[in-house]
There are 2 protein chains.
Amino acid sequence: MRSHQSPRNGDAASVTVMPSPLGLDLSPRPPFQSTLSLQKLRRLNYLALLLRLASFCFSVASAIFMAADYHGPRSASTWYHLDAYRYVFAANAIVSLYSLFELAVSVWEISMNATLLPEVLQVWFDFGHDQVFAYMLMSAGSAGAALSRTLKSPAPATESDICSSRSSFCIQADIAVALGFASFMFLGFSCLLSGFRVACFIIRGSRFHL
Amino acid sequence: MRSHQSPRNGDAASVTVMPSPLGLDLSPRPPFQSTLSLQKLRRLNYLALLLRLASFCFSVASAIFMAADYHGPRSASTWYHLDAYRYVFAANAIVSLYSLFELAVSVWEISMNATLLPEVLQVWFDFGHDQVFAYMLMSAGSAGAALSRTLKSPAPATESDICSSRSSFCIQADIAVALGFASFMFLGFSCLLSGFRVACFIIRGSRFHL
């Protein structure tokens, strides 16, 4: 597990030459890896792709569920008029667009064996966005869940009439929030993976550990 | 900067088993570092201590502010009866206890130049808890903020009477939520630092990069 070899992208260079603090070493060189390392690397890339795909599916589903949550013609209060639900929709819509882009980046990386942007930019871009968007999804999900609880609360003088008059509205909103949490989970794992790539890049000058 | 020596390494055995391909001898030896590396290391440790301290102060303040938020003798509805505020209190109380422990761990590490638990356990313990508690604080803060917005909302049939009858209750709750977000910010930075230590440990067999 703790091999000191890096199969690709010049660990040798990072030791012999004194690289930048960000490990910026973009000089192209022929890949030199063992078959085992290559296999592990490919598996890791496919895992990343799978996590992105799952995150994309759940966030798209969450955004669609929330957007289609219509309270009925009699009431003026739809999901759009409730701040927290609007936040859930916006966060999931943003994350689905980002995941789509990252899916394309992953496919590119697997097929071309190189990053779409320059490596230093790519690893920091992935990690920064994963981190921020994971926190955002968690925040949106929690806000949505808190609003759902308030709407359903039996306390006097709450908005509970929304849920009692048309419970499908509340159930659909709950489903959207739950799907958002599922998307967060996969994005969180992606974030761990991209964080590890950043650390590899800082330490070894290459995004690969294996 | 990227020396392959670890200044102090409780997990030295795991390094000696796996020799480096560059022929570097990683067997345990008395600490050998340049003054620059030592200085940088000390600075990093003090930065971690400072982040823990800030996180502790803000989370304690948030928990106290929330616990002291009393709605008045006439109303039965205090912070304790509102789920999201109870969540804010609980999350901040847990994080303040954890931060206190981590403060002690940091002080121990700086003074003894070794981790309190075995190194492998310590780095994973720190990172795992930082990650989970950072998400928990963000979640609690968002839920609290969502409830605050609902309470203040001018929409008909909300709990807005709580805020109108005794606005200091709502203001104090808002302050507690804001303090929780501040604590989250510092815990988030701690999480980045401890995540980097984990990555260093996986890649190099030591929690030190420098």
# chains A, B, ... in the order shown; residues from 1 in each chain; ligands from 1
call {"tool": "closest_atom_pairs", "arguments": {"of": "range 55-167 of chain B", "to": "range 183-207 of chain A", "cutoff": "12 Å", "atoms": "only C-alpha atoms", "output": "tab-separated table"}}
result
residue	atom	partner	partner_atom	distance
B:Phe127	CA	A:Leu192	CA	10.9
B:Gly128	CA	A:Leu192	CA	11.0
B:Gln131	CA	A:Gly188	CA	9.8
B:Val132	CA	A:Gly188	CA	10.6
B:Tyr135	CA	A:Gly188	CA	9.9
B:Ser139	CA	A:Phe184	CA	11.8
call {"tool": "select_by_dssp", "arguments": {"residues": "range 20-209 of chain B", "states": "helix (DSSP H, G or I)", "output": "number ranges by chain"}}
result
B: 35-67, 79-81, 83-112, 119-152, 160-165, 167-204
call {"tool": "atom_distance", "arguments": {"atom1": "CA of Arg149 in chain A", "atom2": "CA of Ala61 in chain B"}}
result
26.3 Å
call {"tool": "residues_around", "arguments": {"residues": "range 43-54 of chain A", "least_positions_apart": "5", "cutoff": "6 Å", "atoms": "only C-alpha atoms", "output": "PyMOL selection string"}}
result
chain A and resi 99+103+106+186
call {"tool": "write_last_selection", "arguments": {"atoms": "N, CA, C and O atoms", "output": "compact mmCIF listing (two decimals), in the first residue's frame"}}
result
# COMPACT_ATOMS: atom_id res chain seq x y z
N SER A 99 -21.49 18.11 -12.17
CA SER A 99 -21.21 16.68 -12.29
C SER A 99 -21.15 16.25 -13.75
O SER A 99 -20.35 15.39 -14.12
N LEU A 103 -18.09 14.53 -15.38
CA LEU A 103 -18.24 13.25 -16.08
C LEU A 103 -17.47 13.29 -17.39
O LEU A 103 -16.72 12.36 -17.72
N SER A 106 -13.85 13.14 -16.73
CA SER A 106 -13.43 11.78 -16.37
C SER A 106 -13.31 10.90 -17.60
O SER A 106 -12.34 10.14 -17.74
N PHE A 186 -22.35 10.84 -2.61
CA PHE A 186 -21.42 10.47 -3.69
C PHE A 186 -20.43 11.59 -3.98
O PHE A 186 -19.26 11.35 -4.27
call {"tool": "closest_residue", "arguments": {"among": "B:Val105, B:Leu147, B:Val88, B:Ala173", "to": "chain A", "atoms": "only C-alpha atoms"}}
result
B:Leu147
call {"tool": "closest_residue", "arguments": {"among": "B:Phe65, B:Trp79, B:Tyr87, B:Trp108", "to": "chain A", "atoms": "only C-alpha atoms"}}
result
B:Tyr87
call {"tool": "atom_distance", "arguments": {"atom1": "CA of Phe169 in chain B", "atom2": "CA of Thr78 in chain B"}}
result
8.6 Å
call {"tool": "closest_residue", "arguments": {"among": "A:Glu109, A:Gln122, A:Gly144, A:Val95", "to": "chain B", "atoms": "only C-alpha atoms"}}
result
A:Gly144
call {"tool": "closest_residue", "arguments": {"among": "B:Ile94, B:Leu151, B:Met66, B:Ile171", "to": "chain A", "atoms": "only C-alpha atoms"}}
result
B:Leu151
call {"tool": "closest_residue", "arguments": {"among": "B:Asn113, B:Ala93, B:Tyr85, B:Phe125", "to": "chain A", "atoms": "only C-alpha atoms"}}
result
B:Tyr85
call {"tool": "atom_distance", "arguments": {"atom1": "CA of Ser167 in chain A", "atom2": "CA of Ala146 in chain B"}}
result
20.8 Å
call {"tool": "closest_residue", "arguments": {"among": "A:Leu116, A:Leu82, A:Leu137, A:Cys163", "to": "Ala63 in chain A", "atoms": "only C-alpha atoms"}}
result
A:Leu137
call {"tool": "residues_around", "arguments": {"residues": "Ala145 in chain A", "least_positions_apart": "4", "cutoff": "8 Å", "atoms": "only C-alpha atoms", "output": "VMD selection string"}}
result
(chain A and resid 141 149 174 177) or (chain B and resid 143)
call {"tool": "write_last_selection", "arguments": {"atoms": "N, CA and C atoms", "output": "compact mmCIF listing (two decimals), in the first residue's frame"}}
result
# COMPACT_ATOMS: atom_id res chain seq x y z
N GLY A 141 -29.68 20.52 1.75
CA GLY A 141 -30.47 19.40 2.24
C GLY A 141 -30.96 19.64 3.67
N ARG A 149 -39.77 19.82 8.29
CA ARG A 149 -40.19 19.54 9.67
C ARG A 149 -41.12 20.63 10.18
N ASP A 174 -39.97 16.10 0.29
CA ASP A 174 -39.10 15.24 1.11
C ASP A 174 -38.25 14.34 0.23
N VAL A 177 -35.44 16.29 -1.22
CA VAL A 177 -34.40 16.54 -0.22
C VAL A 177 -33.56 15.28 -0.01
N ALA B 143 -29.82 24.26 8.98
CA ALA B 143 -31.16 23.97 9.52
C ALA B 143 -31.61 25.11 10.43
